[in-house]
>>> print(open('structure-v5.txt').read())   # compact mmCIF, C-alpha atoms
# COMPACT_ATOMS: atom_id res chain seq x y z
CA MET A 1084 17.48 -11.05 0.18
CA ALA A 1085 17.60 -10.40 3.91
CA PHE A 1086 16.65 -6.75 3.60
CA ALA A 1087 13.36 -7.56 1.86
CA ALA A 1088 12.67 -10.35 4.36
CA ASP A 1089 13.13 -7.88 7.22
CA TYR A 1090 10.52 -5.59 5.68
CA GLU A 1091 8.13 -8.51 5.24
CA VAL A 1092 8.40 -9.26 8.96
CA LEU A 1093 7.92 -5.56 9.75
CA TYR A 1094 4.78 -5.33 7.60
CA ASP A 1095 3.38 -8.49 9.15
CA ARG A 1096 4.01 -7.20 12.68
CA LEU A 1097 2.44 -3.82 11.94
CA ASP A 1098 -0.59 -5.49 10.38
CA GLU A 1099 -0.95 -7.76 13.41
CA GLU A 1100 -0.65 -4.80 15.76
CA LEU A 1101 -3.33 -2.94 13.80
CA ARG A 1102 -5.58 -6.03 13.79
CA LEU A 1103 -5.34 -6.35 17.57
CA ALA A 1104 -5.64 -2.63 18.35
CA PRO A 1105 -8.94 -1.76 20.05
CA ARG A 1106 -8.89 1.84 18.80
CA PRO A 1107 -6.65 4.27 16.90
CA ALA A 1108 -3.89 5.91 18.91
CA ALA A 1109 -1.23 8.53 18.28
CA ASP A 1110 1.61 6.13 19.09
CA LEU A 1111 0.28 3.60 16.56
CA PHE A 1112 0.21 6.28 13.84
CA ALA A 1113 3.71 7.40 14.85
CA LYS A 1114 5.00 3.82 14.59
CA ILE A 1115 3.51 3.37 11.11
CA ILE A 1116 4.80 6.71 9.86
CA GLY A 1117 8.23 6.12 11.39
CA CYS A 1118 8.64 2.55 10.13
CA VAL A 1119 7.20 2.43 6.62
CA CYS A 1120 6.52 5.98 5.42
CA THR A 1121 9.50 7.31 3.52
CA ARG A 1122 7.79 10.15 1.66
CA ILE A 1123 6.07 11.58 4.74
CA SER A 1124 9.36 11.80 6.62
CA LEU A 1125 10.86 13.73 3.69
CA LEU A 1126 7.79 15.95 3.36
CA GLY A 1127 7.85 16.55 7.11
CA ARG A 1128 11.07 18.48 6.74
CA SER A 1129 9.38 20.90 4.34
CA GLY A 1130 6.25 21.21 6.50
CA LYS A 1131 3.90 19.53 4.01
CA ALA A 1132 3.16 16.67 6.42
CA ASP A 1133 2.26 18.97 9.34
CA PRO A 1134 -1.51 18.60 8.76
CA ILE A 1135 -1.25 14.88 9.56
CA GLY A 1136 0.22 15.68 12.96
CA ARG A 1137 -2.54 18.17 13.66
CA MET A 1138 -5.21 15.62 12.61
CA ILE A 1139 -3.70 13.03 14.96
CA GLU A 1140 -3.59 15.53 17.84
CA ALA A 1141 -7.22 16.44 17.19
CA GLY A 1142 -8.30 12.78 17.08
CA ALA A 1143 -9.38 13.01 13.43
CA TRP A 1144 -8.27 9.43 12.86
CA VAL A 1145 -10.02 8.75 9.56
CA ASP A 1146 -8.75 11.99 8.04
CA ALA A 1147 -5.24 11.23 9.27
CA ALA A 1148 -5.30 7.70 7.85
CA LEU A 1149 -6.52 8.95 4.47
CA ALA A 1150 -3.89 11.72 4.48
CA VAL A 1151 -1.14 9.17 5.18
CA LEU A 1152 -2.40 7.09 2.27
CA GLU A 1153 -2.56 10.09 -0.09
CA LEU A 1154 0.87 11.45 0.79
CA GLU A 1155 2.72 8.14 0.99
CA LEU A 1156 1.10 6.18 -1.85
CA PRO A 1157 -0.41 8.69 -4.30
CA ALA A 1158 -0.92 6.00 -6.95
CA TRP A 1159 -3.32 4.09 -4.67
CA LYS A 1160 -6.88 5.40 -4.41
CA LEU A 1161 -9.74 4.54 -2.09
CA ARG A 1162 -11.91 2.08 -4.01
CA ARG A 1163 -14.64 1.32 -1.48
CA LEU A 1164 -15.61 1.40 2.17
CA VAL A 1165 -18.17 -1.13 3.33
CA TYR A 1166 -19.57 -1.70 6.82
CA ASP A 1167 -20.85 -5.25 7.18
CA SER A 1168 -21.47 -7.40 10.25
CA GLY A 1169 -19.77 -4.98 12.63
CA GLU A 1170 -16.61 -4.69 10.56
CA TRP A 1171 -15.27 -2.15 8.06
CA LEU A 1172 -13.79 -3.27 4.75
CA CYS A 1173 -11.49 -0.78 3.04
CA SER A 1174 -10.37 -1.52 -0.52
CA LEU A 1175 -7.59 0.40 -2.25
CA SER A 1176 -6.82 0.27 -5.94
CA ARG A 1177 -4.35 1.60 -8.46
CA GLN A 1178 -7.06 1.55 -11.14
CA PRO A 1179 -10.37 2.44 -9.46
CA THR A 1180 -12.16 2.95 -12.79
CA LEU A 1181 -11.91 -0.74 -13.71
CA PRO A 1182 -14.83 -3.01 -12.87
CA ILE A 1183 -14.32 -4.46 -9.40
CA GLU A 1184 -14.10 -8.01 -10.79
CA LEU A 1185 -11.05 -7.07 -12.89
CA ASP A 1186 -9.32 -4.85 -10.37
CA ASP A 1187 -6.42 -6.02 -8.22
CA THR A 1188 -7.31 -4.41 -4.90
CA VAL A 1189 -5.77 -4.54 -1.46
CA ASP A 1190 -8.17 -4.90 1.44
CA GLY A 1191 -8.10 -4.09 5.12
CA ARG A 1192 -10.67 -5.14 7.71
CA HIS A 1193 -11.25 -3.89 11.23
CA GLU A 1194 -14.04 -2.88 13.60
CA LYS A 1195 -12.72 0.71 13.53
CA LEU A 1196 -12.69 2.53 10.19
CA PRO A 1197 -9.29 4.26 10.50
CA LEU A 1198 -7.63 0.97 11.43
CA ALA A 1199 -9.21 -0.73 8.40
CA VAL A 1200 -7.79 2.05 6.21
CA LEU A 1201 -4.35 1.64 7.80
CA ARG A 1202 -4.42 -2.15 7.34
CA ALA A 1203 -5.19 -1.66 3.64
CA PHE A 1204 -2.41 0.94 3.51
CA ILE A 1205 0.08 -1.52 5.03
CA GLU A 1206 -0.86 -4.16 2.45
CA ALA A 1207 -0.52 -1.64 -0.40
CA ARG A 1208 2.82 -0.47 1.00
CA GLN A 1209 3.95 -4.08 1.20
CA ARG A 1210 3.14 -4.59 -2.49
CA THR A 1211 4.99 -1.48 -3.58
CA GLY A 1212 7.56 -1.26 -0.79
CA ILE A 1213 10.72 -3.01 -1.85
CA ALA A 1214 11.88 -2.87 -5.43
CA GLU A 1215 13.64 -6.18 -5.89
CA PRO A 1216 15.50 -7.04 -9.06
CA LYS A 1217 12.99 -8.75 -11.30
CA SER A 1218 14.08 -11.73 -13.29
CA SER A 1219 12.24 -12.77 -16.37
CA GLY A 1220 11.18 -16.37 -16.84
CA VAL A 1221 12.20 -16.11 -20.49
CA PRO A 1222 15.94 -16.08 -21.19
CA GLN A 1223 17.14 -13.07 -23.13
CA LEU A 1224 19.08 -14.07 -26.25
CA GLN A 1225 21.19 -11.87 -28.43
CA PRO A 1226 20.34 -12.20 -32.14
CA ASP A 1227 22.92 -13.86 -34.33
CA LEU A 1228 22.88 -11.78 -37.50
CA ALA A 1229 25.12 -14.21 -39.42
CA ASP A 1230 22.24 -16.64 -39.88
CA ALA A 1231 19.46 -14.11 -40.48
CA ILE A 1232 16.79 -15.12 -42.98
CA CYS A 1233 14.20 -12.80 -44.51
CA CYS A 1234 10.74 -14.36 -44.21
CA ASP A 1235 8.71 -11.64 -45.90
CA ASN A 1236 6.50 -12.59 -48.82
CA PHE A 1237 7.23 -10.16 -51.68
CA ALA A 1238 4.98 -11.93 -54.22
>>> encode(input="structure-v5.txt", output="structure tokens")
Amino acid sequence: MAFAADYEVLYDRLDEELRLAPRPAADLFAKIIGCVCTRISLLGRSGKADPIGRMIEAGAWVDAALAVLELELPAWKLRRLVYDSGEWLCSLSRQPTLPIELDDTVDGRHEKLPLAVLRAFIEARQRTGIAEPKSSGVPQLQPDLADAICCDNFA
């Protein structure tokens, strides 16, 4: 499906741009919100997304990144933030109460915390972004009631 492939390229380009960014910037946030945030653009019309714009103007990058995550992907929660060897690791989860070994997290890494959060957001958005028709590996058969046999043991 070409439409899904286009989004894959978009997500990859945004992730690469975030990876290479030296610091958070208003135009980077605007590009992410404009390209992959469908709920925020709808909420912006009602004024519910206005705080994100004010956070970006004030330079509250971490708060803005977490607000984007909360408004756009409410099912994903912040699982952990770790600073190790000069780099932030941000993990997001749909089930943060599970043990970490069993959880299927998305991770983002960067030297700057808000960019690590946004990289994890992009990966989570990529996982939940395009609803493609799912095909089952098991063929679905209609039962043939003419040859039905009762296998219950009534003894």
>>> residues_around(input="structure-v5.txt", residues="range 1151-1154 of chain A", least_positions_apart="4", cutoff="9 Å", atoms="only C-alpha atoms", output="PDB file with C-alpha atoms, keeping the file's coordinate frame")
ATOM      1  CA  ILE A1116       4.800   6.710   9.860  1.00  0.00           C
ATOM      2  CA  CYS A1120       6.520   5.980   5.420  1.00  0.00           C
ATOM      3  CA  ARG A1122       7.790  10.150   1.660  1.00  0.00           C
ATOM      4  CA  ILE A1123       6.070  11.580   4.740  1.00  0.00           C
ATOM      5  CA  LEU A1126       7.790  15.950   3.360  1.00  0.00           C
ATOM      6  CA  ALA A1132       3.160  16.670   6.420  1.00  0.00           C
ATOM      7  CA  ILE A1135      -1.250  14.880   9.560  1.00  0.00           C
ATOM      8  CA  ASP A1146      -8.750  11.990   8.040  1.00  0.00           C
ATOM      9  CA  ALA A1147      -5.240  11.230   9.270  1.00  0.00           C
ATOM     10  CA  ALA A1158      -0.920   6.000  -6.950  1.00  0.00           C
ATOM     11  CA  TRP A1159      -3.320   4.090  -4.670  1.00  0.00           C
ATOM     12  CA  LYS A1160      -6.880   5.400  -4.410  1.00  0.00           C
ATOM     13  CA  LEU A1161      -9.740   4.540  -2.090  1.00  0.00           C
ATOM     14  CA  VAL A1200      -7.790   2.050   6.210  1.00  0.00           C
ATOM     15  CA  LEU A1201      -4.350   1.640   7.800  1.00  0.00           C
ATOM     16  CA  PHE A1204      -2.410   0.940   3.510  1.00  0.00           C
TER      17      PHE A1204
END
>>> axis_aligned_box(input="structure-v5.txt", around="range 1173-1192 of chain A", padding_each_side="8 Å", output="JSON")
{"center_x": -9.6, "center_y": -2.5, "center_z": -3.0, "size_x": 26.5, "size_y": 27.0, "size_z": 37.4}
>>> closest_residue(input="structure-v5.txt", among="A:Asn1236, A:Leu1111, A:Arg1210, A:Gly1127", to="Glu1099 in chain A", atoms="only C-alpha atoms")
A:Leu1111
>>> residues_around(input="structure-v5.txt", residues="Arg1208 in chain A", least_positions_apart="3", cutoff="8 Å", atoms="all atoms listed in the file", output="PyMOL selection string")
chain A and resi 1119+1156+1204-1205+1211-1212
>>> atom_distance(input="structure-v5.txt", atom1="CA of Met1138 in chain A", atom2="CA of Pro1105 in chain A")
19.3 Å
>>> closest_residue(input="structure-v5.txt", among="A:Val1145, A:Val1189, A:Cys1234, A:Cys1173", to="Arg1106 in chain A", atoms="only C-alpha atoms")
A:Val1145
>>> residues_around(input="structure-v5.txt", residues="Thr1180 in chain A", least_positions_apart="3", cutoff="9 Å", atoms="only C-alpha atoms", output="ChimeraX atom specification")
/A:1162,1183,1186
>>> atom_distance(input="structure-v5.txt", atom1="CA of Thr1121 in chain A", atom2="CA of Arg1102 in chain A")
22.6 Å
>>> atom_distance(input="structure-v5.txt", atom1="CA of Asp1098 in chain A", atom2="CA of Glu1140 in chain A")
22.5 Å
>>> residues_near_point(input="structure-v5.txt", point="(-6.8, 5.7, 17.6)", cutoff="8 Å", atoms="only C-alpha atoms", output="NGL selection string")
:A and (1106-1109 or 1111-1112 or 1142 or 1144 or 1197-1198)
>>> write_last_selection(input="structure-v5.txt", atoms="C-alpha atoms", output="PDB file, in the frame of the given file")
ATOM      1  CA  ARG A1106      -8.890   1.840  18.800  1.00  0.00           C
ATOM      2  CA  PRO A1107      -6.650   4.270  16.900  1.00  0.00           C
ATOM      3  CA  ALA A1108      -3.890   5.910  18.910  1.00  0.00           C
ATOM      4  CA  ALA A1109      -1.230   8.530  18.280  1.00  0.00           C
ATOM      5  CA  LEU A1111       0.280   3.600  16.560  1.00  0.00           C
ATOM      6  CA  PHE A1112       0.210   6.280  13.840  1.00  0.00           C
ATOM      7  CA  GLY A1142      -8.300  12.780  17.080  1.00  0.00           C
ATOM      8  CA  TRP A1144      -8.270   9.430  12.860  1.00  0.00           C
ATOM      9  CA  PRO A1197      -9.290   4.260  10.500  1.00  0.00           C
ATOM     10  CA  LEU A1198      -7.630   0.970  11.430  1.00  0.00           C
TER      11      LEU A1198
END
>>> closest_residue(input="structure-v5.txt", among="A:Ala1088, A:Ile1139, A:Leu1093, A:Ala1104", to="Ala1199 in chain A", atoms="only C-alpha atoms")
A:Ala1104
>>> residues_around(input="structure-v5.txt", residues="Ala1203 in chain A", least_positions_apart="5", cutoff="8 Å", atoms="only C-alpha atoms", output="ChimeraX atom specification")
/A:1173-1175,1189-1192
>>> closest_residue(input="structure-v5.txt", among="A:Lys1131, A:Arg1202, A:Ile1115, A:Lys1195", to="Glu1170 in chain A", atoms="all atoms listed in the file")
A:Lys1195
